[in-house]
Each structure stands twice: as structure tokens, then as C-alpha cells.
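File shown: data33.csv (CSV, C-alpha atoms and all ligand atoms).
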chain,number,residue,atom,x,y,z
A,135,MET,CA,-16.1,16.0,17.4
A,136,GLU,CA,-16.5,19.7,16.7
A,137,GLU,CA,-17.6,20.6,13.2
A,138,ILE,CA,-14.8,21.6,10.8
A,139,LYS,CA,-15.2,25.2,9.6
A,140,ILE,CA,-14.3,25.8,6.0
A,141,THR,CA,-13.1,29.2,4.6
A,142,ARG,CA,-12.5,28.9,0.9
A,143,ALA,CA,-9.7,30.5,-1.0
A,144,GLN,CA,-10.5,33.5,-3.1
A,145,THR,CA,-8.0,32.7,-5.8
A,146,PHE,CA,-6.9,29.3,-7.0
A,147,LYS,CA,-3.5,28.2,-8.1
A,148,GLU,CA,-2.7,26.6,-11.5
A,149,LYS,CA,-2.3,22.8,-11.2
A,150,PRO,CA,1.2,21.7,-12.2
A,151,ASP,CA,1.9,19.5,-15.2
A,152,PRO,CA,2.0,15.9,-13.8
A,153,SER,CA,5.0,15.1,-15.9
A,154,THR,CA,7.2,17.7,-14.3
A,155,LEU,CA,6.2,17.3,-10.6
A,156,VAL,CA,9.0,17.8,-8.1
A,157,PHE,CA,8.3,16.0,-4.8
A,158,GLY,CA,6.7,18.3,-2.2
A,159,LYS,CA,6.8,21.6,-4.0
A,160,ALA,CA,3.3,22.3,-5.4
A,161,MET,CA,1.1,22.9,-2.4
A,162,THR,CA,-2.7,23.1,-3.0
A,163,ASP,CA,-5.1,25.9,-2.2
A,164,HIS,CA,-6.1,25.0,1.4
A,165,MET,CA,-4.8,23.5,4.6
A,166,PHE,CA,-6.3,22.0,7.8
A,167,ILE,CA,-5.5,23.4,11.2
A,168,VAL,CA,-6.7,22.5,14.7
A,169,ASP,CA,-5.5,24.1,18.0
A,170,TYR,CA,-4.7,22.4,21.3
A,171,ASP,CA,-4.4,24.1,24.6
A,172,VAL,CA,-3.9,22.5,28.0
A,173,GLY,CA,-7.2,22.6,29.9
A,174,GLN,CA,-9.2,23.1,26.8
A,175,GLY,CA,-8.1,20.2,24.6
A,176,TRP,CA,-8.3,20.2,20.8
A,177,HIS,CA,-10.5,23.0,19.5
A,178,ASP,CA,-11.5,25.1,16.4
A,179,PRO,CA,-10.8,22.6,13.6
A,180,ARG,CA,-10.8,24.5,10.3
A,181,ILE,CA,-9.8,24.4,6.7
A,182,VAL,CA,-8.4,27.7,5.5
A,183,PRO,CA,-6.6,29.1,2.4
A,184,TYR,CA,-3.1,27.7,2.2
A,185,GLY,CA,-0.6,30.4,3.3
A,186,PRO,CA,2.2,31.4,5.7
A,187,LEU,CA,1.6,30.7,9.4
A,188,ALA,CA,1.9,33.5,11.9
A,189,ILE,CA,4.4,32.1,14.5
A,190,ASP,CA,5.8,33.9,17.4
A,191,PRO,CA,9.6,34.1,17.0
A,192,ALA,CA,10.0,32.6,20.5
A,193,ALA,CA,7.8,29.5,19.6
A,194,LYS,CA,9.2,26.2,21.0
A,195,VAL,CA,9.2,24.6,17.6
A,196,LEU,CA,11.6,27.2,16.2
A,197,HIS,CA,14.2,26.7,19.0
A,198,TYR,CA,13.7,23.2,20.5
A,199,ALA,CA,12.3,21.4,17.5
A,200,GLN,CA,9.1,20.2,19.2
A,201,GLU,CA,7.7,18.8,16.0
A,202,ILE,CA,6.4,15.6,14.5
A,203,PHE,CA,5.1,14.7,11.1
A,204,GLU,CA,3.6,11.9,9.0
A,205,GLY,CA,3.4,11.1,5.3
A,206,LEU,CA,0.7,9.3,3.4
A,207,LYS,CA,-0.9,9.5,0.0
A,208,ALA,CA,-4.3,9.7,-1.7
A,209,TYR,CA,-4.6,7.8,-5.0
A,210,ARG,CA,-6.9,8.3,-8.0
A,211,THR,CA,-8.4,5.0,-9.2
A,212,ALA,CA,-9.3,4.1,-12.8
A,213,ASP,CA,-13.0,4.9,-12.1
A,214,GLY,CA,-12.1,8.4,-10.9
A,215,SER,CA,-12.6,7.7,-7.2
A,216,ILE,CA,-10.1,8.6,-4.5
A,217,GLN,CA,-8.6,6.3,-1.8
A,218,LEU,CA,-6.1,6.4,1.0
A,219,PHE,CA,-3.7,3.7,2.1
A,220,ARG,CA,-3.7,2.7,5.8
A,221,PRO,CA,-4.4,6.2,7.1
A,222,LEU,CA,-5.2,5.1,10.6
A,223,ASP,CA,-1.7,3.6,10.8
A,224,ASN,CA,-0.3,7.0,10.2
A,225,VAL,CA,-2.5,8.6,12.8
A,226,ARG,CA,-1.5,6.0,15.4
A,227,ARG,CA,2.2,6.4,14.6
A,228,MET,CA,1.8,10.1,15.0
A,229,ASN,CA,0.4,9.6,18.5
A,230,ASP,CA,3.4,7.3,19.2
A,231,SER,CA,5.7,10.1,18.0
A,232,ALA,CA,3.7,12.6,20.1
A,233,ALA,CA,4.3,10.6,23.2
A,234,ARG,CA,8.0,10.7,22.6
A,235,MET,CA,8.2,14.4,21.9
A,236,SER,CA,5.9,15.5,24.7
A,237,LEU,CA,3.2,16.6,22.4
A,238,PRO,CA,-0.5,16.0,23.1
A,239,GLN,CA,-2.3,12.9,21.9
A,240,ILE,CA,-4.8,13.7,19.2
A,241,PRO,CA,-8.1,11.8,18.9
A,242,GLU,CA,-7.9,9.4,16.0
A,243,ASP,CA,-11.2,10.6,14.5
A,244,LEU,CA,-10.1,14.3,14.6
A,245,ALA,CA,-6.6,13.6,13.0
A,246,LEU,CA,-8.3,11.4,10.3
A,247,ALA,CA,-11.0,14.0,9.6
A,248,GLY,CA,-8.4,16.6,9.1
A,249,ILE,CA,-6.9,14.4,6.4
A,250,THR,CA,-10.1,13.2,4.7
A,251,GLU,CA,-11.9,16.5,4.7
A,252,LEU,CA,-9.0,18.4,3.3
A,253,VAL,CA,-8.5,15.8,0.5
A,254,LYS,CA,-12.2,15.9,-0.3
A,255,LEU,CA,-12.0,19.7,-0.7
A,256,GLU,CA,-8.9,19.4,-2.8
A,257,GLN,CA,-10.1,16.4,-4.8
A,258,GLU,CA,-9.3,18.1,-8.1
A,259,TRP,CA,-5.7,18.2,-7.1
A,260,VAL,CA,-5.4,14.4,-6.9
A,261,PRO,CA,-3.6,13.7,-10.1
A,262,SER,CA,-4.5,10.8,-12.4
A,263,ALA,CA,-1.3,10.3,-14.5
A,264,LYS,CA,0.5,7.0,-13.9
A,265,ASP,CA,2.5,6.8,-10.7
A,266,THR,CA,1.2,10.2,-9.4
A,267,SER,CA,-0.7,10.8,-6.2
A,268,LEU,CA,-1.6,13.5,-3.7
A,269,TYR,CA,1.0,13.4,-0.9
A,270,ILE,CA,-0.5,14.3,2.5
A,271,ARG,CA,1.7,15.8,5.2
A,272,PRO,CA,0.1,16.0,8.7
A,273,PHE,CA,2.3,17.6,11.3
A,274,MET,CA,2.1,18.8,14.9
A,275,VAL,CA,4.1,21.7,16.5
A,276,GLY,CA,4.6,23.0,20.0
A,277,LEU,CA,4.0,26.8,19.9
A,278,ASP,CA,4.4,28.2,23.4
A,279,ALA,CA,6.2,31.6,23.0
A,280,ALA,CA,8.8,31.2,25.8
A,281,LEU,CA,12.5,30.2,25.6
A,282,GLY,CA,12.5,28.0,28.7
A,283,VAL,CA,13.1,24.4,27.8
A,284,HIS,CA,9.6,22.9,28.6
A,285,SER,CA,6.9,21.2,26.6
A,286,SER,CA,4.3,23.4,25.0
A,287,HIS,CA,0.8,24.0,26.4
A,288,HIS,CA,-0.3,25.4,23.0
A,289,CYS,CA,0.1,23.3,19.9
A,290,GLN,CA,-1.3,22.9,16.5
A,291,TYR,CA,-2.0,19.9,14.2
A,292,ILE,CA,-1.8,21.0,10.6
A,293,VAL,CA,-2.3,19.1,7.3
A,294,ILE,CA,-1.0,20.2,3.9
A,295,VAL,CA,-1.2,18.3,0.6
A,296,CYS,CA,0.6,18.4,-2.7
A,297,PRO,CA,0.5,16.4,-5.9
A,298,VAL,CA,3.6,14.2,-6.4
A,299,GLY,CA,5.3,11.8,-8.8
A,300,ALA,CA,8.4,9.7,-8.0
A,301,TYR,CA,10.4,10.8,-4.9
A,302,TYR,CA,13.7,10.1,-6.6
A,303,PRO,CA,14.5,11.7,-10.0
A,304,GLU,CA,15.7,8.2,-11.0
A,305,GLY,CA,12.0,6.9,-10.8
A,306,LEU,CA,12.2,3.1,-10.7
A,307,ASP,CA,15.8,3.1,-11.8
A,308,PRO,CA,18.1,1.8,-9.1
A,309,VAL,CA,19.5,4.4,-6.7
A,310,LYS,CA,23.1,4.7,-5.3
A,311,ILE,CA,23.4,4.6,-1.5
A,312,TYR,CA,26.4,5.5,0.6
A,313,VAL,CA,26.9,3.8,4.0
A,314,GLU,CA,27.5,6.7,6.4
A,315,ASP,CA,30.6,6.2,8.6
A,316,GLN,CA,30.9,9.6,10.3
A,317,ASP,CA,27.6,11.0,11.5
A,318,VAL,CA,24.8,8.9,13.2
A,319,ARG,CA,21.1,9.5,12.9
A,320,ALA,CA,19.8,8.1,16.1
A,321,VAL,CA,20.5,6.0,19.2
A,322,LYS,CA,18.3,3.8,21.3
A,323,GLY,CA,16.5,5.9,23.9
A,324,GLY,CA,16.8,8.8,21.6
A,325,THR,CA,14.1,9.8,19.0
A,326,GLY,CA,15.0,7.5,16.1
A,327,MET,CA,11.6,5.7,16.2
A,328,ALA,CA,9.7,8.9,16.2
A,329,LYS,CA,8.9,10.8,13.1
A,330,THR,CA,10.3,14.1,14.2
A,331,GLY,CA,12.0,16.8,12.2
A,332,GLY,CA,15.2,16.7,14.3
A,333,ASN,CA,16.1,13.3,13.0
A,334,TYR,CA,16.0,14.6,9.5
A,335,ALA,CA,17.9,17.8,10.4
A,336,ALA,CA,20.7,15.6,11.9
A,337,SER,CA,20.8,13.7,8.6
A,338,LEU,CA,21.3,16.7,6.3
A,339,ARG,CA,25.1,17.0,6.5
A,340,ALA,CA,25.7,13.4,5.6
A,341,GLY,CA,23.1,13.6,2.9
A,342,ASP,CA,24.8,16.7,1.4
A,343,ARG,CA,28.2,14.8,1.5
A,344,ALA,CA,26.7,11.8,-0.2
A,345,GLU,CA,25.0,13.9,-2.9
A,346,ALA,CA,28.2,15.8,-3.6
A,347,ASN,CA,29.7,12.4,-4.3
A,348,GLY,CA,27.0,11.2,-6.6
A,349,TYR,CA,24.8,9.2,-4.2
A,350,SER,CA,21.1,9.6,-3.7
A,351,GLN,CA,21.1,9.1,0.1
A,352,VAL,CA,22.9,7.6,3.0
A,353,LEU,CA,22.4,4.3,4.8
A,354,TRP,CA,22.7,4.8,8.5
A,355,LEU,CA,24.6,2.6,10.9
A,356,ASP,CA,23.5,2.2,14.5
A,357,GLY,CA,24.8,4.9,16.8
A,358,VAL,CA,26.4,2.6,19.4
A,359,HIS,CA,28.5,0.1,17.6
A,360,ARG,CA,28.5,1.9,14.3
A,361,LYS,CA,28.2,-1.5,12.7
A,362,TYR,CA,24.6,-2.4,12.2
A,363,ILE,CA,22.4,-1.2,9.4
A,364,GLU,CA,19.4,0.9,10.4
A,365,GLU,CA,17.6,2.8,7.6
A,366,VAL,CA,18.1,5.2,4.6
A,367,GLY,CA,17.2,8.9,4.9
A,368,SER,CA,13.7,8.6,3.6
A,369,MET,CA,13.0,4.8,3.6
A,370,ASN,CA,13.5,1.5,5.4
A,371,VAL,CA,15.7,-1.1,3.7
A,372,MET,CA,15.4,-4.8,2.8
A,373,PHE,CA,17.8,-7.2,1.2
A,374,LYS,CA,17.5,-10.6,-0.4
A,375,ILE,CA,20.5,-12.6,0.7
A,376,ALA,CA,20.9,-16.3,-0.3
A,377,GLY,CA,17.1,-16.6,-1.0
A,378,LYS,CA,16.0,-15.1,2.3
A,379,ILE,CA,14.6,-11.6,2.9
A,380,LEU,CA,16.4,-9.6,5.6
A,381,THR,CA,15.5,-6.2,7.1
A,382,PRO,CA,16.8,-4.4,10.2
A,383,ASP,CA,14.5,-5.1,13.3
A,384,LEU,CA,12.6,-2.3,15.0
A,385,ASN,CA,15.2,-1.9,17.7
A,386,GLY,CA,14.0,1.5,19.0
A,387,SER,CA,16.1,3.7,16.7
A,388,VAL,CA,14.6,2.6,13.4
A,389,LEU,CA,11.4,4.2,12.1
A,390,PRO,CA,8.5,1.7,12.0
A,391,GLY,CA,7.6,2.2,8.4
A,392,ILE,CA,4.0,1.5,7.2
A,393,THR,CA,5.3,0.6,3.8
A,394,ARG,CA,7.9,-1.6,5.5
A,395,ARG,CA,5.1,-3.4,7.4
A,396,SER,CA,3.0,-3.8,4.3
A,397,CYS,CA,5.9,-5.3,2.3
A,398,ILE,CA,6.7,-7.8,5.0
A,399,GLN,CA,3.1,-8.9,5.0
A,400,LEU,CA,3.1,-9.3,1.1
A,401,LEU,CA,6.4,-11.2,1.3
A,402,LYS,CA,4.9,-13.6,3.9
A,403,ASP,CA,1.7,-14.0,1.8
A,404,TRP,CA,4.0,-15.2,-1.0
A,405,GLY,CA,5.7,-17.7,1.2
A,406,TYR,CA,9.0,-15.9,1.8
A,407,GLU,CA,10.9,-16.1,5.0
A,408,VAL,CA,11.4,-12.6,6.3
A,409,GLU,CA,14.1,-12.2,9.0
A,410,GLU,CA,13.8,-9.0,11.1
A,411,ARG,CA,17.2,-8.8,12.8
A,412,ARG,CA,20.5,-7.0,13.2
A,413,ILE,CA,22.4,-6.9,10.0
A,414,SER,CA,26.0,-5.6,10.0
A,415,ALA,CA,27.4,-3.6,7.1
A,416,GLU,CA,30.2,-6.2,7.0
A,417,GLU,CA,27.7,-9.0,6.5
A,418,LEU,CA,26.1,-7.1,3.6
A,419,PHE,CA,29.4,-6.3,1.8
A,420,GLU,CA,30.5,-9.9,2.3
A,421,ALA,CA,27.3,-11.1,0.8
A,422,ALA,CA,27.8,-8.7,-2.1
A,423,GLU,CA,31.3,-9.9,-2.6
A,424,ASN,CA,30.5,-13.6,-2.5
A,425,GLY,CA,27.5,-13.2,-4.8
A,426,THR,CA,24.7,-14.0,-2.3
A,427,LEU,CA,23.4,-10.4,-2.1
A,428,GLU,CA,20.7,-10.8,-4.7
A,429,GLU,CA,18.6,-7.7,-4.3
A,430,ALA,CA,18.4,-4.5,-2.1
A,431,TRP,CA,15.6,-2.0,-2.0
A,432,GLY,CA,14.1,0.7,0.1
A,433,THR,CA,10.4,1.1,1.3
A,434,GLY,CA,8.6,4.3,2.2
A,435,THR,CA,5.5,6.3,1.5
A,436,ALA,CA,7.4,8.8,-0.6
A,437,ALA,CA,9.9,6.4,-2.1
A,438,VAL,CA,7.3,3.5,-2.5
A,439,VAL,CA,9.6,0.5,-3.3
A,440,SER,CA,13.0,1.8,-4.7
A,441,PRO,CA,15.6,-0.5,-6.0
A,442,ILE,CA,19.2,0.0,-4.7
A,443,GLY,CA,21.8,-0.6,-7.5
A,444,GLU,CA,25.0,0.4,-5.8
A,445,LEU,CA,26.2,0.5,-2.2
A,446,ALA,CA,29.4,2.2,-1.1
A,447,MET,CA,31.2,2.4,2.2
A,448,GLY,CA,34.6,4.0,2.6
A,449,ASP,CA,36.6,2.8,-0.4
A,450,LYS,CA,34.4,-0.2,-1.0
A,451,LYS,CA,31.8,-0.2,-3.7
A,452,VAL,CA,29.4,-3.0,-4.7
A,453,THR,CA,26.9,-3.3,-7.5
A,454,VAL,CA,23.6,-5.0,-6.6
A,455,SER,CA,21.5,-7.0,-9.2
A,456,ASN,CA,23.7,-5.7,-12.0
A,457,ASN,CA,22.3,-2.2,-11.2
A,458,GLN,CA,18.9,-3.4,-12.5
A,459,ILE,CA,15.6,-3.7,-10.6
A,460,GLY,CA,15.4,-7.2,-9.0
A,461,GLU,CA,12.6,-9.6,-9.4
A,462,ILE,CA,11.2,-9.3,-5.8
A,463,THR,CA,11.7,-5.5,-5.8
A,464,GLN,CA,9.6,-5.3,-9.0
A,465,ARG,CA,7.0,-7.8,-7.6
A,466,LEU,CA,6.6,-5.8,-4.4
A,467,TYR,CA,6.4,-2.5,-6.3
A,468,ASP,CA,3.7,-3.9,-8.6
A,469,ALA,CA,1.7,-5.6,-5.9
A,470,LEU,CA,1.8,-2.6,-3.5
A,471,THR,CA,1.0,0.0,-6.2
A,472,ASP,CA,-1.8,-2.2,-7.7
A,473,ILE,CA,-3.5,-2.2,-4.3
A,474,GLN,CA,-2.9,1.5,-3.7
A,475,TRP,CA,-4.3,2.6,-7.1
A,476,GLY,CA,-7.2,0.1,-6.8
A,477,ARG,CA,-6.0,-2.2,-9.6
A,478,ALA,CA,-5.9,-5.2,-7.4
A,479,GLU,CA,-7.9,-6.8,-4.5
A,480,ASP,CA,-7.1,-5.4,-1.0
A,481,PRO,CA,-6.9,-8.6,1.0
A,482,HIS,CA,-5.7,-7.0,4.2
A,483,ASP,CA,-8.1,-4.1,4.3
A,484,TRP,CA,-5.5,-1.4,3.8
A,485,ILE,CA,-7.6,0.9,1.6
A,486,MET,CA,-10.0,3.5,2.9
A,487,LYS,CA,-12.2,4.9,0.1
A,488,LEU,CA,-13.1,8.6,0.4
A,501,LIG,C1,7.6,9.6,3.7
A,501,LIG,O1,7.9,8.6,3.1
A,501,LIG,O2,6.4,10.0,3.7
A,501,LIG,C2,8.5,10.3,4.5
A,501,LIG,O3,8.1,10.9,5.5
A,501,LIG,C3,9.9,10.5,4.0
A,501,LIG,C4,10.1,11.9,3.9
A,501,LIG,C5,11.1,12.4,4.8
A,501,LIG,C6,10.3,12.3,2.5
Render the structure in this file as C-alpha cells.
Amino acid sequence: MEEIKITRAQTFKEKPDPSTLVFGKAMTDHMFIVDYDVGQGWHDPRIVPYGPLAIDPAAKVLHYAQEIFEGLKAYRTADGSIQLFRPLDNVRRMNDSAARMSLPQIPEDLALAGITELVKLEQEWVPSAKDTSLYIRPFMVGLDAALGVHSSHHCQYIVIVCPVGAYYPEGLDPVKIYVEDQDVRAVKGGTGMAKTGGNYAASLRAGDRAEANGYSQVLWLDGVHRKYIEEVGSMNVMFKIAGKILTPDLNGSVLPGITRRSCIQLLKDWGYEVEERRISAEELFEAAENGTLEEAWGTGTAAVVSPIGELAMGDKKVTVSNNQIGEITQRLYDALTDIQWGRAEDPHDWIMKL
């Protein structure tokens, strides 16, 4: 792998107060960039001062959304060291997304080095207050400056990082979720399983509607039958119904979440039966009405494990777990965050120490 060239910033930003962190706003002083050109491959990896990118107004990404991204975190442990959670899983998922979006495959060691070298350089930005971390956002864009609809020959992989606290202003208090019955997020054969900006752009209108009605986010239904639950805007979902854990299966239009996979593993370690299958909204509301919907929560890098306290669809509205965090939700949150912050053993080798 080519050596990463580092150009240090001349001025440094003030670090934000950890108690007032807003998710994804306080970018650090540097970013990682590597170029790709057909025929040349990946070249010129570098860390440079954080700042605006010079992009040709005709660049493919600006018109045809040839873009993919990832999200992971660096955690400060009690002894002051820094560690990452399953970073190779993010790199591999990025290459899966790249295959779907006609972007180039990036060698795992290069994608990972872009993350680890940037975090090392920005180590003072990794916060140590409770429940805070450094959010890492790697992304890849197609940059050919031409308006024909073709995939790009020139691309960049970029990594930016920012200190974060809880994703939802509610913190660990349960969030209210609206089951979206008008727009759809993704269909099988589309791009639902890829982490690409277009999926999120398509979600904004429904998200705005939900927020205007007092909901944090929307729960998407499948795009074909408009019946089966898929995922929430920034997280996968899980339910405890009549003692069993249920989560929508990875059917091609659901994002294969790394926190989702980690929670399923922990639940299995604890002896729970986890069913990955189609779950209809009807089944969910019925379970809520007959009292068997015991808990509902979301999982995601940004959202961690977030309790869901209210679900609404059309004129139906149900409260889950008395709008309190449920027992399994709390246990998952504690177990996962204890591993991430180095407070507990790491039996599945998920941690990479820097
Ligand atoms: C993450 O959890 O890292 C995500 O990518 C969700 C994001 C859209 C906020």
C-alpha cells in the first residue's frame, strides 16, 4: 500500500463541549482522501486539513447520486486508549454497496488505513464523557465531470470524523415512530441493501411529515405489498413478541446492519430464540393490542440500541412497554456499549484497538 501523506492543518478548531454535542456537526481538523482512476487504481492516499472539496459542477455524484457511505465509531476506554468496533465489517459492507452502485472495490487494508490513520491523528478529538464517541463517516463518490448517465472512471474515497453523543435528542428515552403508509424507501432489486445516499434522500419527505406530527422517524413498509416491516430511517428494528425476538429478515431491501448482527449474536448467546422473518404491520399492531408486544427497539451505529415507546399507523396508535425502556432493550444497550467502551470482555473479537 502506498504511504499516506500527511499535511497538517495550520489552525485548529476549538473542541465542542461534550454535553452539548449535536450528532454530526462538529467536524475535526483533518480528513482522509484517496483517488481512484480506471487504469491506475487507487492512488495518492493523503490526510489533509478538513475543508470544502473542489467538485466539478458536472460531477456524477451531484446529478446521479453515485455515492455510498458507512458509519462506525471510535471509543475512548477508561485507561485512555482508543478502540474501534468491527471496522472490517464496515469496509466489507462498503464494498458490497460499491458493487451495487458501480463504484470501484477498495482494498480492505487501504479503506481501513484511511480510518485508523485519521483517528490516530485526531485522537484528541475522541471524547471521554459518558456515552460519547468519535463518529467516523467514510464515503465514496463518482466524480466524472460529464452529464451522460454512466459510471465514473474517477472516484474518491474520503473519511471525515466528528465527536458525537446520542443520535436522538431523547437519549435512552423511548422514541415515537410512525409507520409510513405513503412513500416507500426501497424495493427488492433496487438499492435498499446498499448504504447509498439516494435511499436517505428518498426518505426525507416522509421523515419531515413524521417530525411535523411529533414522531422521531418513520418505520418503512416493503415497497411491493406495503405490508411488511423493513427498517426505520437510521436503524434496523427488533421486537419482543410473546417471549420471542423478531426482526425483519435481510430480504434485499433491508440494510444489513452491523449493530443488528451484533445484537442477534448477543441475544443468541443469552439463549433467546431470534426469528429473522417477514413481519407485517398488522401482526405488530395485533400483538400490541392483545398485549403480547412486550418490547420494540432499533439498532444502529448512530442510534446504538434505542427503545421505541410508541408506534402509530394511520389513526392507530399503540404504546410499547408503557413507554419505558424494556428489560431486553436495556440489557442489549448495556452489553453492547460495555464491549464498545472496553468495560466488558469481547468474546466475539469485535474490538480493534488502535
Ligand atoms: C449509522 O448508524 O451510522 C448510519 O449510517 C445512520 C445514519 C444515516 C445516521
Neighbours of ligand LIG 501 (chain A) within 8 Å, counting all atoms listed in the file, as a list in words?
Phe203, Glu204, Gly205, Leu206, Tyr269, Arg271, Tyr301, Lys329, Tyr334, Gly367, Ser368, Met369, Gly434, Thr435, Ala436, Ala437 and Val438 of chain A
Residue among A:Ile189, A:Cys289, A:Ala376, A:Ile270 lying closest to His177 in chain A, counting all atoms listed in the file
A:Cys289
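As for CA of Ile249 in chain A and CA of Met165 in chain A, they are spaced 9.5 Å apart.
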Selection: 8 Å around Asn370 in chain A, only C-alpha atoms, excl. self and same-chain fewer than 4 positions, as a list of chain:residue names
A:Glu364, A:Glu365, A:Val366, A:Leu389, A:Gly391, A:Arg394, A:Gly432, A:Thr433, A:Gly434
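For the set A:Arg465, A:Lys374, A:His284, A:Lys361, the residue with the smallest atom-to-atom gap to Trp404 in chain A is A:Arg465, counting all atoms listed in the file.
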When you look at Met327 in chain A with a cut-off of 7 Å (counting all atoms listed in the file), what residues show up, excluding the ones that are within fewer than 2 positions of it in the same chain? I need them as a compact mmCIF listing (two decimals) with C-alpha atoms, keeping the file's coordinate frame.
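That gives us selection_2.txt:
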# COMPACT_ATOMS: atom_id res chain seq x y z
CA THR A 325 14.10 9.80 19.00
CA LYS A 329 8.90 10.80 13.10
CA GLY A 386 14.00 1.50 19.00
CA SER A 387 16.10 3.70 16.70
CA VAL A 388 14.60 2.60 13.40
CA LEU A 389 11.40 4.20 12.10
CA PRO A 390 8.50 1.70 12.00
Could you give me, as number ranges by chain, the residues within 12 Å of Gln174 in chain A, counting only C-alpha atoms and dropping anything in the same chain fewer than 5 positions from it?
A: 169, 238, 287-289
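Nearest-residue note for Leu155 in chain A: choosing from A:Gln316, A:Thr453, A:Asn229, A:Thr266, the minimum distance belongs to A:Thr266, counting only C-alpha atoms.
Our summary of the geometry notes that CA of Thr154 in chain A is positioned 20.1 Å from CA of Ile294 in chain A.
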Give me, as a ChimeraX atom specification, all polymer residues having an atom no more than 12 Å from Ile442 in chain A, counting all atoms listed in the file and skipping those fewer than 5 positions away in the same chain.
/A:302,304-312,349-353,366,369-374,427-433,437,452-460,463-464
Å distance separating CA of Val293 in chain A from CA of Trp484 in chain A, one decimal place:
21.0 Å
Between A:Asp315, A:Leu466, A:Arg142, A:Glu416, which one has atoms that come closest to Gln399 in chain A, using only C-alpha atoms?
A:Leu466
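Nearest to Thr162 in chain A of all the residues A:Trp259, A:Tyr198, A:Ala247, A:Lys254 is A:Trp259, counting only C-alpha atoms.
Nearest to Thr145 in chain A of all the residues A:Tyr184, A:Glu409, A:Phe157, A:Arg226 is A:Tyr184, counting only C-alpha atoms.
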Please provide as an NGL selection string all residues within 9 Å of Glu136 in chain A, with the sequence filter that same-chain residues fewer than 2 positions apart are discarded (counting only C-alpha atoms).
:A and (138 or 177-179 or 244)
Please complete range 267-282 of chain A with N, CA and C atoms and give it back as a CSV table (one decimal), in the coordinates of the input.
chain,number,residue,atom,x,y,z
A,267,SER,N,0.2,10.9,-7.3
A,267,SER,CA,-0.7,10.8,-6.2
A,267,SER,C,-0.7,12.1,-5.5
A,268,LEU,N,-1.6,12.2,-4.5
A,268,LEU,CA,-1.6,13.5,-3.7
A,268,LEU,C,-0.9,13.1,-2.4
A,269,TYR,N,0.3,13.7,-2.1
A,269,TYR,CA,1.0,13.4,-0.9
A,269,TYR,C,0.4,14.2,0.3
A,270,ILE,N,0.2,13.6,1.4
A,270,ILE,CA,-0.5,14.3,2.5
A,270,ILE,C,0.6,14.4,3.7
A,271,ARG,N,0.7,15.6,4.1
A,271,ARG,CA,1.7,15.8,5.2
A,271,ARG,C,1.1,16.4,6.4
A,272,PRO,N,0.6,15.5,7.4
A,272,PRO,CA,0.1,16.0,8.7
A,272,PRO,C,1.3,16.3,9.6
A,273,PHE,N,1.3,17.4,10.4
A,273,PHE,CA,2.3,17.6,11.3
A,273,PHE,C,1.8,18.3,12.6
A,274,MET,N,2.6,18.2,13.6
A,274,MET,CA,2.1,18.8,14.9
A,274,MET,C,3.3,19.6,15.5
A,275,VAL,N,3.0,20.8,16.0
A,275,VAL,CA,4.1,21.7,16.5
A,275,VAL,C,3.7,22.2,17.9
A,276,GLY,N,4.8,22.4,18.7
A,276,GLY,CA,4.6,23.0,20.0
A,276,GLY,C,4.9,24.5,19.8
A,277,LEU,N,3.9,25.4,20.3
A,277,LEU,CA,4.0,26.8,19.9
A,277,LEU,C,4.1,27.7,21.0
A,278,ASP,N,4.3,27.3,22.3
A,278,ASP,CA,4.4,28.2,23.4
A,278,ASP,C,5.5,29.2,23.1
A,279,ALA,N,5.2,30.5,23.3
A,279,ALA,CA,6.2,31.6,23.0
A,279,ALA,C,7.0,31.8,24.3
A,280,ALA,N,8.0,31.0,24.6
A,280,ALA,CA,8.8,31.2,25.8
A,280,ALA,C,10.1,30.4,25.6
A,281,LEU,N,11.2,30.9,25.9
A,281,LEU,CA,12.5,30.2,25.6
A,281,LEU,C,12.9,29.2,26.6
A,282,GLY,N,12.2,29.0,27.7
A,282,GLY,CA,12.5,28.0,28.7
A,282,GLY,C,12.3,26.6,28.0
